[in-house]
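The next block is structure15.cif, given as mmCIF, C-alpha atoms and all ligand atoms.
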data_target
loop_
_atom_site.label_atom_id
_atom_site.label_comp_id
_atom_site.auth_asym_id
_atom_site.auth_seq_id
_atom_site.Cartn_x
_atom_site.Cartn_y
_atom_site.Cartn_z
CA MET A 1 6.23 -5.48 -3.88
CA PRO A 2 9.36 -4.44 -1.95
CA PHE A 3 9.67 -1.04 -3.63
CA THR A 4 7.66 2.01 -2.60
CA ARG A 5 6.66 4.63 -5.16
CA ASP A 6 9.19 6.99 -3.56
CA THR A 7 12.02 4.46 -3.90
CA ILE A 8 11.27 3.97 -7.58
CA GLU A 9 10.93 7.73 -8.24
CA LYS A 10 14.27 8.33 -6.54
CA ALA A 11 15.95 5.55 -8.55
CA LEU A 12 14.45 6.93 -11.77
CA GLN A 13 15.84 10.40 -11.05
CA ALA A 14 19.26 8.93 -10.18
CA GLY A 15 19.21 6.96 -13.43
CA TYR A 16 18.20 10.01 -15.42
CA ALA A 17 21.00 12.10 -13.88
CA ALA A 18 23.58 9.37 -14.53
CA GLY A 19 22.41 8.96 -18.12
CA THR A 20 22.44 12.71 -18.74
CA ALA A 21 26.06 12.86 -17.56
CA ALA A 22 27.14 10.00 -19.88
CA LYS A 23 28.80 11.35 -23.00
CA GLY A 24 29.87 9.96 -26.34
CA GLY A 25 28.46 7.49 -28.80
CA LYS A 26 27.01 8.02 -32.25
CA ASN A 27 23.61 7.32 -33.81
CA ALA A 28 23.52 4.19 -35.96
CA ASP A 29 24.00 5.31 -39.55
CA TYR A 30 23.93 2.04 -41.52
CA ILE A 31 20.15 2.50 -41.53
CA PRO A 32 19.80 6.07 -42.91
CA PHE A 33 16.65 6.90 -40.91
CA LEU A 34 18.38 6.24 -37.59
CA ALA A 35 21.11 8.76 -38.35
CA SER A 36 18.43 11.47 -38.59
CA VAL A 37 16.90 10.97 -35.12
CA PRO A 38 17.88 13.86 -32.77
CA SER A 39 20.79 12.58 -30.65
CA GLY A 40 19.84 14.60 -27.59
CA LEU A 41 16.58 12.71 -26.94
CA PHE A 42 16.67 10.77 -23.69
CA GLY A 43 13.80 9.01 -21.93
CA LEU A 44 13.59 6.59 -19.03
CA ALA A 45 10.68 4.53 -17.68
CA VAL A 46 9.91 1.85 -15.12
CA VAL A 47 6.79 -0.35 -15.08
CA THR A 48 6.21 -2.58 -12.09
CA ALA A 49 4.84 -6.12 -12.20
CA ASP A 50 1.63 -4.72 -10.73
CA GLY A 51 1.28 -2.18 -13.51
CA GLN A 52 2.51 1.14 -12.09
CA LEU A 53 4.28 3.40 -14.60
CA PHE A 54 7.08 5.84 -13.73
CA LYS A 55 8.70 7.91 -16.45
CA THR A 56 10.91 10.90 -17.08
CA GLY A 57 12.48 12.83 -19.97
CA ASP A 58 11.47 11.79 -23.49
CA ALA A 59 9.77 8.59 -22.32
CA ASP A 60 6.85 9.16 -24.71
CA PHE A 61 8.96 9.72 -27.82
CA ALA A 62 8.30 6.97 -30.37
CA PHE A 63 11.45 5.38 -31.81
CA ALA A 64 12.34 2.29 -33.85
CA ILE A 65 12.24 -0.88 -31.74
CA GLU A 66 14.93 -2.58 -33.87
CA SER A 67 16.53 -5.61 -32.22
CA ILE A 68 14.37 -5.43 -29.12
CA SER A 69 11.62 -6.85 -31.36
CA LYS A 70 13.58 -10.13 -31.40
CA VAL A 71 12.49 -10.84 -27.83
CA PHE A 72 8.79 -10.64 -28.67
CA THR A 73 8.96 -12.71 -31.84
CA LEU A 74 10.90 -15.29 -29.85
CA ALA A 75 8.01 -15.27 -27.36
CA LEU A 76 5.48 -15.70 -30.18
CA VAL A 77 7.34 -18.62 -31.75
CA MET A 78 7.94 -20.27 -28.38
CA GLU A 79 4.17 -20.23 -27.85
CA ALA A 80 3.77 -21.95 -31.21
CA ILE A 81 6.54 -24.57 -31.21
CA GLY A 82 7.53 -24.80 -27.55
CA ILE A 83 10.71 -24.23 -25.59
CA ASP A 84 12.36 -27.36 -27.00
CA GLY A 85 11.28 -26.48 -30.54
CA VAL A 86 13.11 -23.15 -30.37
CA HIS A 87 16.13 -24.76 -28.76
CA ASP A 88 16.27 -27.42 -31.42
CA LYS A 89 15.65 -25.27 -34.50
CA VAL A 90 17.46 -22.03 -33.54
CA GLY A 91 19.62 -22.68 -30.47
CA ALA A 92 20.21 -20.98 -27.13
CA ASP A 93 23.83 -19.92 -26.83
CA PRO A 94 25.70 -16.64 -27.11
CA THR A 95 27.73 -16.27 -30.29
CA GLY A 96 30.44 -14.05 -28.78
CA LEU A 97 30.40 -12.12 -32.07
CA PRO A 98 28.61 -8.98 -33.34
CA PHE A 99 24.84 -9.13 -33.83
CA ASN A 100 25.02 -9.42 -37.61
CA SER A 101 28.00 -11.76 -37.79
CA VAL A 102 28.27 -14.12 -40.73
CA ILE A 103 31.37 -15.72 -39.20
CA ALA A 104 29.24 -16.92 -36.27
CA LEU A 105 27.08 -18.85 -38.74
CA GLU A 106 30.06 -20.29 -40.58
CA LEU A 107 31.60 -21.47 -37.30
CA HIS A 108 28.49 -23.49 -36.42
CA ARG A 109 27.51 -25.02 -39.79
CA GLY A 110 24.74 -22.49 -40.31
CA ARG A 111 23.16 -22.93 -36.87
CA PRO A 112 22.32 -19.43 -35.60
CA LEU A 113 22.70 -20.35 -31.87
CA SER A 114 20.72 -17.44 -30.47
CA PRO A 115 17.27 -16.08 -31.43
CA LEU A 116 18.55 -12.64 -30.37
CA VAL A 117 21.22 -12.19 -33.07
CA ASN A 118 20.18 -11.32 -36.62
CA ALA A 119 20.63 -14.85 -38.03
CA GLY A 120 18.68 -16.43 -35.19
CA ALA A 121 16.01 -13.75 -35.33
CA ILE A 122 15.50 -14.30 -39.06
CA ALA A 123 15.28 -18.06 -38.42
CA THR A 124 12.79 -17.35 -35.62
CA VAL A 125 10.65 -15.19 -37.93
CA SER A 126 10.68 -18.07 -40.42
CA LEU A 127 8.95 -20.17 -37.73
CA VAL A 128 6.08 -17.73 -37.10
CA PRO A 129 2.87 -19.61 -37.94
CA GLY A 130 0.75 -18.29 -40.82
CA ASP A 131 -0.10 -19.27 -44.37
CA SER A 132 1.01 -15.97 -45.91
CA ALA A 133 3.47 -13.17 -45.25
CA ASP A 134 0.57 -10.93 -44.24
CA ALA A 135 -0.73 -13.47 -41.71
CA ARG A 136 2.73 -13.89 -40.17
CA TRP A 137 3.26 -10.13 -40.03
CA ALA A 138 -0.16 -9.61 -38.43
CA ALA A 139 0.75 -12.17 -35.74
CA ILE A 140 4.00 -10.34 -34.94
CA LEU A 141 2.32 -6.94 -34.77
CA ASP A 142 -0.43 -8.37 -32.58
CA CYS A 143 2.17 -9.92 -30.29
CA GLN A 144 4.12 -6.65 -29.90
CA SER A 145 0.80 -4.89 -29.23
CA ARG A 146 -0.30 -7.37 -26.55
CA PHE A 147 3.05 -6.97 -24.79
CA ALA A 148 2.79 -3.17 -24.96
CA GLY A 149 -0.90 -3.01 -24.08
CA ARG A 150 -1.68 -0.74 -27.02
CA GLY A 151 -1.70 -0.97 -30.81
CA ILE A 152 1.90 -0.92 -32.03
CA ALA A 153 2.32 0.19 -35.65
CA LEU A 154 4.89 0.03 -38.40
CA SER A 155 6.72 3.20 -39.38
CA ASP A 156 6.66 3.25 -43.18
CA GLU A 157 9.59 5.66 -43.11
CA VAL A 158 11.79 3.41 -40.97
CA ASN A 159 10.73 0.32 -42.90
CA ARG A 160 11.54 1.93 -46.26
CA SER A 161 14.92 3.01 -44.96
CA GLU A 162 15.68 -0.53 -43.72
CA GLN A 163 14.24 -2.45 -46.67
CA THR A 164 16.39 -0.53 -49.11
CA THR A 165 19.63 -1.11 -47.15
CA ASN A 166 19.23 -4.60 -45.62
CA PHE A 167 21.55 -6.44 -48.02
CA HIS A 168 23.65 -7.95 -45.24
CA ASN A 169 20.57 -9.48 -43.61
CA ARG A 170 19.40 -10.85 -46.97
CA ALA A 171 22.79 -12.55 -47.31
CA ILE A 172 22.38 -14.03 -43.82
CA ALA A 173 18.93 -15.36 -44.78
CA TRP A 174 20.33 -17.10 -47.87
CA LEU A 175 23.14 -18.64 -45.77
CA LEU A 176 20.50 -19.94 -43.34
CA CYS A 177 18.56 -21.31 -46.30
CA SER A 178 21.61 -23.15 -47.63
CA ALA A 179 22.22 -24.69 -44.19
CA GLY A 180 18.59 -25.76 -43.77
CA THR A 181 18.02 -23.41 -40.82
CA CYS A 182 15.55 -21.03 -42.47
CA TYR A 183 12.08 -22.56 -42.22
CA SER A 184 10.22 -20.40 -44.73
CA ASP A 185 11.09 -18.60 -47.92
CA PRO A 186 14.26 -16.70 -46.87
CA MET A 187 13.31 -13.41 -48.53
CA MET A 188 9.90 -13.56 -46.87
CA ALA A 189 11.61 -14.11 -43.52
CA VAL A 190 14.01 -11.20 -43.99
CA ASP A 191 11.20 -8.91 -45.21
CA ILE A 192 9.11 -9.65 -42.12
CA TYR A 193 12.17 -9.45 -39.84
CA THR A 194 12.92 -6.00 -41.29
CA ARG A 195 9.33 -4.90 -40.67
CA GLN A 196 9.37 -6.14 -37.09
CA CYS A 197 12.44 -3.94 -36.47
CA SER A 198 10.62 -0.92 -37.96
CA THR A 199 7.74 -0.56 -35.51
CA LEU A 200 7.65 2.45 -33.21
CA VAL A 201 7.65 2.19 -29.42
CA THR A 202 8.28 4.58 -26.53
CA ALA A 203 10.39 3.92 -23.44
CA ALA A 204 7.11 3.62 -21.53
CA ASP A 205 5.92 0.95 -24.01
CA LEU A 206 9.18 -0.95 -23.69
CA ALA A 207 8.96 -0.90 -19.91
CA THR A 208 5.41 -2.30 -20.15
CA MET A 209 6.59 -4.99 -22.56
CA GLY A 210 9.37 -5.93 -20.14
CA ALA A 211 7.00 -5.80 -17.17
CA THR A 212 4.89 -8.43 -18.95
CA LEU A 213 7.91 -10.73 -18.85
CA ALA A 214 8.59 -9.70 -15.23
CA ALA A 215 4.98 -10.59 -14.36
CA GLY A 216 5.18 -14.14 -15.71
CA GLY A 217 3.63 -13.39 -19.10
CA VAL A 218 0.62 -11.32 -17.99
CA ASN A 219 0.57 -7.69 -19.13
CA PRO A 220 0.21 -5.96 -15.76
CA VAL A 221 -1.51 -2.91 -17.28
CA THR A 222 -4.17 -4.69 -19.35
CA GLY A 223 -4.38 -7.83 -17.18
CA GLN A 224 -4.22 -9.92 -20.37
CA ARG A 225 -2.15 -13.12 -20.42
CA VAL A 226 0.22 -12.69 -23.35
CA ILE A 227 2.38 -15.83 -23.10
CA ASP A 228 2.57 -19.01 -21.08
CA ALA A 229 4.23 -18.39 -17.70
CA ARG A 230 6.64 -21.29 -18.35
CA ASN A 231 8.11 -19.47 -21.35
CA THR A 232 9.32 -16.38 -19.51
CA ALA A 233 12.36 -18.07 -17.91
CA PRO A 234 14.01 -19.25 -21.17
CA ILE A 235 13.29 -15.89 -22.82
CA LEU A 236 14.90 -14.02 -19.92
CA ALA A 237 17.82 -16.49 -19.93
CA GLU A 238 18.39 -15.74 -23.60
CA MET A 239 18.29 -12.00 -22.87
CA ALA A 240 20.85 -12.46 -20.08
CA MET A 241 23.19 -14.38 -22.39
CA GLU A 242 22.91 -12.45 -25.66
CA GLY A 243 20.66 -9.41 -25.15
CA LEU A 244 23.48 -6.88 -25.31
CA TYR A 245 25.52 -8.83 -27.85
CA THR A 246 29.27 -8.77 -27.21
CA ALA A 247 28.64 -6.64 -24.11
CA SER A 248 26.29 -9.20 -22.53
CA GLY A 249 28.97 -10.57 -20.22
CA ASP A 250 30.03 -7.12 -19.04
CA TRP A 251 26.38 -6.26 -18.40
CA ALA A 252 25.77 -9.48 -16.43
CA TYR A 253 28.90 -8.86 -14.39
CA ASP A 254 28.04 -5.24 -13.68
CA VAL A 255 24.22 -5.14 -13.52
CA GLY A 256 23.09 -8.77 -13.28
CA LEU A 257 19.77 -8.50 -15.14
CA PRO A 258 18.37 -9.88 -18.41
CA GLY A 259 18.56 -7.04 -20.94
CA LYS A 260 17.98 -6.20 -24.58
CA SER A 261 19.12 -3.35 -26.75
CA GLY A 262 18.33 -2.06 -30.22
CA VAL A 263 20.22 0.17 -32.64
CA GLY A 264 17.33 2.66 -32.45
CA GLY A 265 18.68 3.54 -28.99
CA GLY A 266 16.33 1.47 -26.82
CA VAL A 267 17.54 -0.53 -23.81
CA LEU A 268 15.35 -2.81 -21.70
CA ALA A 269 16.15 -4.69 -18.47
CA VAL A 270 13.83 -7.03 -16.59
CA VAL A 271 13.77 -7.81 -12.88
CA PRO A 272 11.74 -11.05 -12.73
CA GLY A 273 8.73 -10.79 -10.46
CA GLU A 274 9.31 -7.08 -9.84
CA LEU A 275 9.58 -4.62 -12.71
CA ALA A 276 11.18 -3.58 -15.97
CA ILE A 277 13.38 -0.59 -16.72
CA ALA A 278 13.57 0.93 -20.22
CA ALA A 279 15.58 3.77 -21.69
CA PHE A 280 15.87 5.49 -25.04
CA SER A 281 18.78 7.59 -26.29
CA PRO A 282 20.06 7.25 -29.88
CA PRO A 283 23.89 7.52 -29.61
CA LEU A 284 25.41 4.02 -29.50
CA ASN A 285 28.73 2.58 -28.38
CA PRO A 286 30.76 0.35 -30.74
CA ALA A 287 28.85 -2.80 -29.62
CA GLY A 288 25.58 -1.18 -30.84
CA ASN A 289 24.15 -0.34 -27.41
CA SER A 290 22.82 3.07 -26.31
CA VAL A 291 25.48 4.88 -24.26
CA ARG A 292 23.07 6.84 -22.06
CA GLY A 293 20.55 4.01 -22.03
CA LEU A 294 23.02 1.53 -20.55
CA VAL A 295 24.23 3.95 -17.90
CA ALA A 296 20.70 5.03 -16.94
CA VAL A 297 19.22 1.52 -16.73
CA ALA A 298 22.24 0.28 -14.77
CA ALA A 299 21.94 3.20 -12.34
CA VAL A 300 18.22 2.56 -11.72
CA ALA A 301 18.90 -1.14 -11.16
CA LYS A 302 21.75 -0.43 -8.76
CA GLU A 303 19.76 2.17 -6.85
CA LEU A 304 17.00 -0.42 -6.41
CA GLY A 305 19.47 -3.19 -5.52
CA CYS A 306 18.13 -5.46 -8.26
CA ASN A 307 21.19 -7.55 -9.25
CA LEU A 308 19.90 -11.15 -9.55
CA PHE A 309 23.20 -12.71 -8.71
O1 LIG B 401 18.92 -6.03 -38.53
C1 LIG B 401 19.38 -4.94 -38.23
O2 LIG B 401 20.53 -4.66 -38.47
C2 LIG B 401 18.50 -3.94 -37.52
N1 LIG B 401 17.20 -3.90 -38.09
C3 LIG B 401 18.42 -4.24 -36.05
C4 LIG B 401 19.75 -4.47 -35.39
C5 LIG B 401 19.82 -4.10 -33.97
O3 LIG B 401 19.01 -3.38 -33.43
C6 LIG B 401 21.01 -4.57 -33.25
N2 LIG B 401 21.02 -4.00 -31.91
N3 LIG B 401 21.71 -3.48 -31.19
#
Output the structure of this file as structure tokens.
Ligand code: DON
Amino acid sequence: MPFTRDTIEKALQAGYAAGTAAKGGKNADYIPFLASVPSGLFGLAVVTADGQLFKTGDADFAFAIESISKVFTLALVMEAIGIDGVHDKVGADPTGLPFNSVIALELHRGRPLSPLVNAGAIATVSLVPGDSADARWAAILDCQSRFAGRGIALSDEVNRSEQTTNFHNRAIAWLLCSAGTCYSDPMMAVDIYTRQCSTLVTAADLATMGATLAAGGVNPVTGQRVIDARNTAPILAEMAMEGLYTASGDWAYDVGLPGKSGVGGGVLAVVPGELAIAAFSPPLNPAGNSVRGLVAVAAVAKELGCNLF
């Protein structure tokens, strides 16, 4: 462990100051609940691969995980069907288009390319093992909980808000179905996908979830093995390529870490073998990434000298 507690504390404070100074952005409003979350909330957390937690600001505020859930369902499905199975059935390339793009599907004959865009995430959900919607949903919730090291729960309020406005995602699921790239009933897949986006996590939870990937698939707080060590590299590769959507290239160029964002305002970055950094702040930039979250996580990573490249 090359970082002392003092080094991490100092980086956390630098990240918090940088994030606080970052202005602009707007809460997501296409999901009505998200528009109502106070925009001033801002939390930052680091969890090391040996299980130490550092946090500041609103790091214990529970917010909607949204797209960050895609990483953990990808992990679950990779456990079930293998690295090649995911590659074959979903793909592993950036789309270069927004996270909910229909054009991206049309351009590739209905192949989603990445498990971290909406189409690929819905296809990934359709591959979750289980003989009923309830069994599949229970497996996803259990997986998020094992990554976080505590029981993660659905927010009925967020879920209701999403389920009553997710028409675009339903259209994507039917397009997948018509192309043969949805592997369950499409409306079941989109229902479960919507639920997986509607669980509540804190920045401290997210950092623990990321630290589990940093630690080769073992949750460093609980000591429980969550996924096969061999699966962490392709998951992190996917995060590096598509985790921040159309801003993934800028992020790789600037910060050089696998990352993932969600429209609830969460941002996660993983330093393999070392630690994970997570932030939460609701206002988003036009690509759908948290303005303060990006600045804060980047500042912590730079302060720690974590660029992988
Ligand atoms: O499917 C959706 O639109 C949302 N439930 C999640 C999207 C999301 O978080 C994209 N991230 N930046």
Using all atoms listed in the file, tabulate the residues of stretch 9-108 of chain A lying at most 10 Å from any atom of stretch 166-177 of chain A, each with its closest atom pair and that distance in Å to one decimal, by chain and increasing residue number, as a Markdown table.
| residue | atom | partner | partner_atom | distance |
| --- | --- | --- | --- | --- |
| A:Tyr30 | CA | A:Asn166 | CA | 9.1 |
| A:Ile31 | CA | A:Asn166 | CA | 8.2 |
| A:Asn100 | CA | A:Asn169 | CA | 7.5 |
| A:Ser101 | CA | A:Ile172 | CA | 8.5 |
| A:Val102 | CA | A:Ile172 | CA | 6.7 |
| A:Leu105 | CA | A:Leu175 | CA | 8.1 |
| A:Glu106 | CA | A:Leu175 | CA | 8.8 |
Practice item. List every protein, DNA or RNA residue with an atom no more than 9 Å from (6.6, -5.7, -37.3) in the file's coordinates, counting all atoms listed in the file, and format the result as an MDAnalysis selection string. Key: chainID A and resid 69 137:142 144 152:154 192:199
**Study point:** Contacts of A:Val226 within 7 Å, all atoms listed in the file, excl. fewer than 4 positions in-chain, as a VMD selection string
**Key:** chain A and resid 146 to 147 217 to 219
**Study point:** Non-local contacts of stretch 72-76 of chain A (8 Å; all atoms listed in the file; under 2 positions in same chain excluded) as a ChimeraX atom specification
**Key:** /A:68-70,78-80,115,121,124-125,128,140,143-144,147,227,231,235
Check your understanding: Counting only C-alpha atoms, which of A:Asp228, A:Thr202, A:Leu127, A:Ala135 gets nearest to A:Ser184?
Key -> A:Leu127
Practice item. Have a look at A:Leu213, A:Ala247, A:Leu284, A:Met187 and name the one nearest to A:Ala229; count only C-alpha atoms. Key: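 Among the listed residues, A:Leu213 lies closest to A:Ala229.
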Review point. Suppose you want the space between atom CA of A:Ser67 and atom CA of A:Gly51; what is it in Å?
Key: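 So the answer is 24.4 Å.
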**Study point:** Who sits within 6 Å of A:Met209, all atoms listed in the file, same chain under 2 positions skipped, as number ranges by chain
**Key:** A: 147-148, 206-207, 211-212
Please, could you write that set of residues out with C-alpha atoms as a PDB file, keeping the file's coordinate frame?
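Final output, saved to result-v6.pdb:
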ATOM      1  CA  PHE A 147       3.050  -6.970 -24.790  1.00  0.00           C
ATOM      2  CA  ALA A 148       2.790  -3.170 -24.960  1.00  0.00           C
ATOM      3  CA  LEU A 206       9.180  -0.950 -23.690  1.00  0.00           C
ATOM      4  CA  ALA A 207       8.960  -0.900 -19.910  1.00  0.00           C
ATOM      5  CA  ALA A 211       7.000  -5.800 -17.170  1.00  0.00           C
ATOM      6  CA  THR A 212       4.890  -8.430 -18.950  1.00  0.00           C
TER       7      THR A 212
END
**Study point:** Two-atom distance - atom CA of A:Leu294, atom CA of A:Ala123 (Å)
**Key:**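 Calculated distance between atom CA of A:Leu294 and atom CA of A:Ala123 is 27.6 Å.
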Check your understanding: So, counting all atoms listed in the file, which residue among A:Gly293, A:Gly273, A:Gly262, A:Gly110 is closest to A:Ala28?
Key ->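 For A:Ala28, the nearest of the candidates is A:Gly262.
The closest residue to ligand LIG 401 (chain B), picked from A:Ala119, A:Ala92, A:Ala237, A:Ala278 and counting all atoms listed in the file, is A:Ala119.
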Exercise for review: Have a look at atom CA of A:Asp250 and atom CA of A:Val117 and let me know their distance in Å, one decimal.
Suggested key: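 Rounded to one decimal, the two atoms are 17.3 Å apart.
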Exercise for review: Give the answer as one residue: which of A:Ala18, A:Ala35, A:Val263, A:Leu200 has the shortest atom-to-atom distance to ligand LIG 401 (chain B), using only C-alpha atoms and all ligand atoms?
Suggested key: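 Between A:Ala18, A:Ala35, A:Val263, A:Leu200, the residue approaching ligand LIG 401 (chain B) most closely is A:Val263.
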**Study point:** Given only C-alpha atoms as the counted atoms, nearest of A:Glu66, A:Asp60, A:Glu303, A:Asp254 to A:Phe42
**Key:** A:Asp60
Exercise for review: Find the residues around stretch 43-45 of chain A up to 6 Å (all atoms listed in the file counted), leave out those fewer than 2 positions away in its own chain, and share them as a ChimeraX atom specification.
Suggested key: /A:54-59,203-204,277-280
**Study point:** Close residues, A:Glu238 itself excluded, 9 Å, all atoms listed in the file, min 6 positions apart in chain, as a ChimeraX atom specification
**Key:** /A:71,92-94,114-116,258
N, CA and C atoms modelled onto stretch 227-244 of chain A, as a compact mmCIF listing (two decimals), in the coordinates of the input:
# COMPACT_ATOMS: atom_id res chain seq x y z
N ILE A 227 1.70 -14.55 -22.82
CA ILE A 227 2.38 -15.83 -23.10
C ILE A 227 2.27 -16.74 -21.89
N ASP A 228 2.55 -18.00 -22.13
CA ASP A 228 2.57 -19.01 -21.08
C ASP A 228 3.64 -18.64 -20.04
N ALA A 229 3.29 -18.74 -18.77
CA ALA A 229 4.23 -18.39 -17.70
C ALA A 229 5.53 -19.19 -17.80
N ARG A 230 5.43 -20.45 -18.28
CA ARG A 230 6.64 -21.29 -18.35
C ARG A 230 7.65 -20.76 -19.35
N ASN A 231 7.19 -19.94 -20.30
CA ASN A 231 8.11 -19.47 -21.35
C ASN A 231 8.94 -18.26 -20.94
N THR A 232 8.58 -17.61 -19.83
CA THR A 232 9.32 -16.38 -19.51
C THR A 232 10.76 -16.69 -19.10
N ALA A 233 10.99 -17.79 -18.38
CA ALA A 233 12.36 -18.07 -17.91
C ALA A 233 13.35 -18.27 -19.07
N PRO A 234 13.03 -19.13 -20.07
CA PRO A 234 14.01 -19.25 -21.17
C PRO A 234 14.20 -17.97 -21.97
N ILE A 235 13.14 -17.16 -22.09
CA ILE A 235 13.29 -15.89 -22.82
C ILE A 235 14.25 -14.96 -22.04
N LEU A 236 14.03 -14.89 -20.74
CA LEU A 236 14.90 -14.02 -19.92
C LEU A 236 16.33 -14.56 -19.89
N ALA A 237 16.46 -15.89 -19.90
CA ALA A 237 17.82 -16.49 -19.93
C ALA A 237 18.54 -16.07 -21.21
N GLU A 238 17.80 -16.12 -22.31
CA GLU A 238 18.39 -15.74 -23.60
C GLU A 238 18.80 -14.26 -23.58
N MET A 239 17.95 -13.42 -22.99
CA MET A 239 18.29 -12.00 -22.87
C MET A 239 19.56 -11.82 -22.03
N ALA A 240 19.67 -12.59 -20.95
CA ALA A 240 20.85 -12.46 -20.08
C ALA A 240 22.12 -12.87 -20.82
N MET A 241 21.99 -13.86 -21.71
CA MET A 241 23.19 -14.38 -22.39
C MET A 241 23.59 -13.58 -23.62
N GLU A 242 22.59 -13.03 -24.35
CA GLU A 242 22.91 -12.45 -25.66
C GLU A 242 22.24 -11.11 -25.92
N GLY A 243 21.49 -10.60 -24.92
CA GLY A 243 20.66 -9.41 -25.15
C GLY A 243 21.43 -8.16 -25.52
N LEU A 244 22.67 -8.07 -25.00
CA LEU A 244 23.48 -6.88 -25.31
C LEU A 244 24.68 -7.26 -26.17
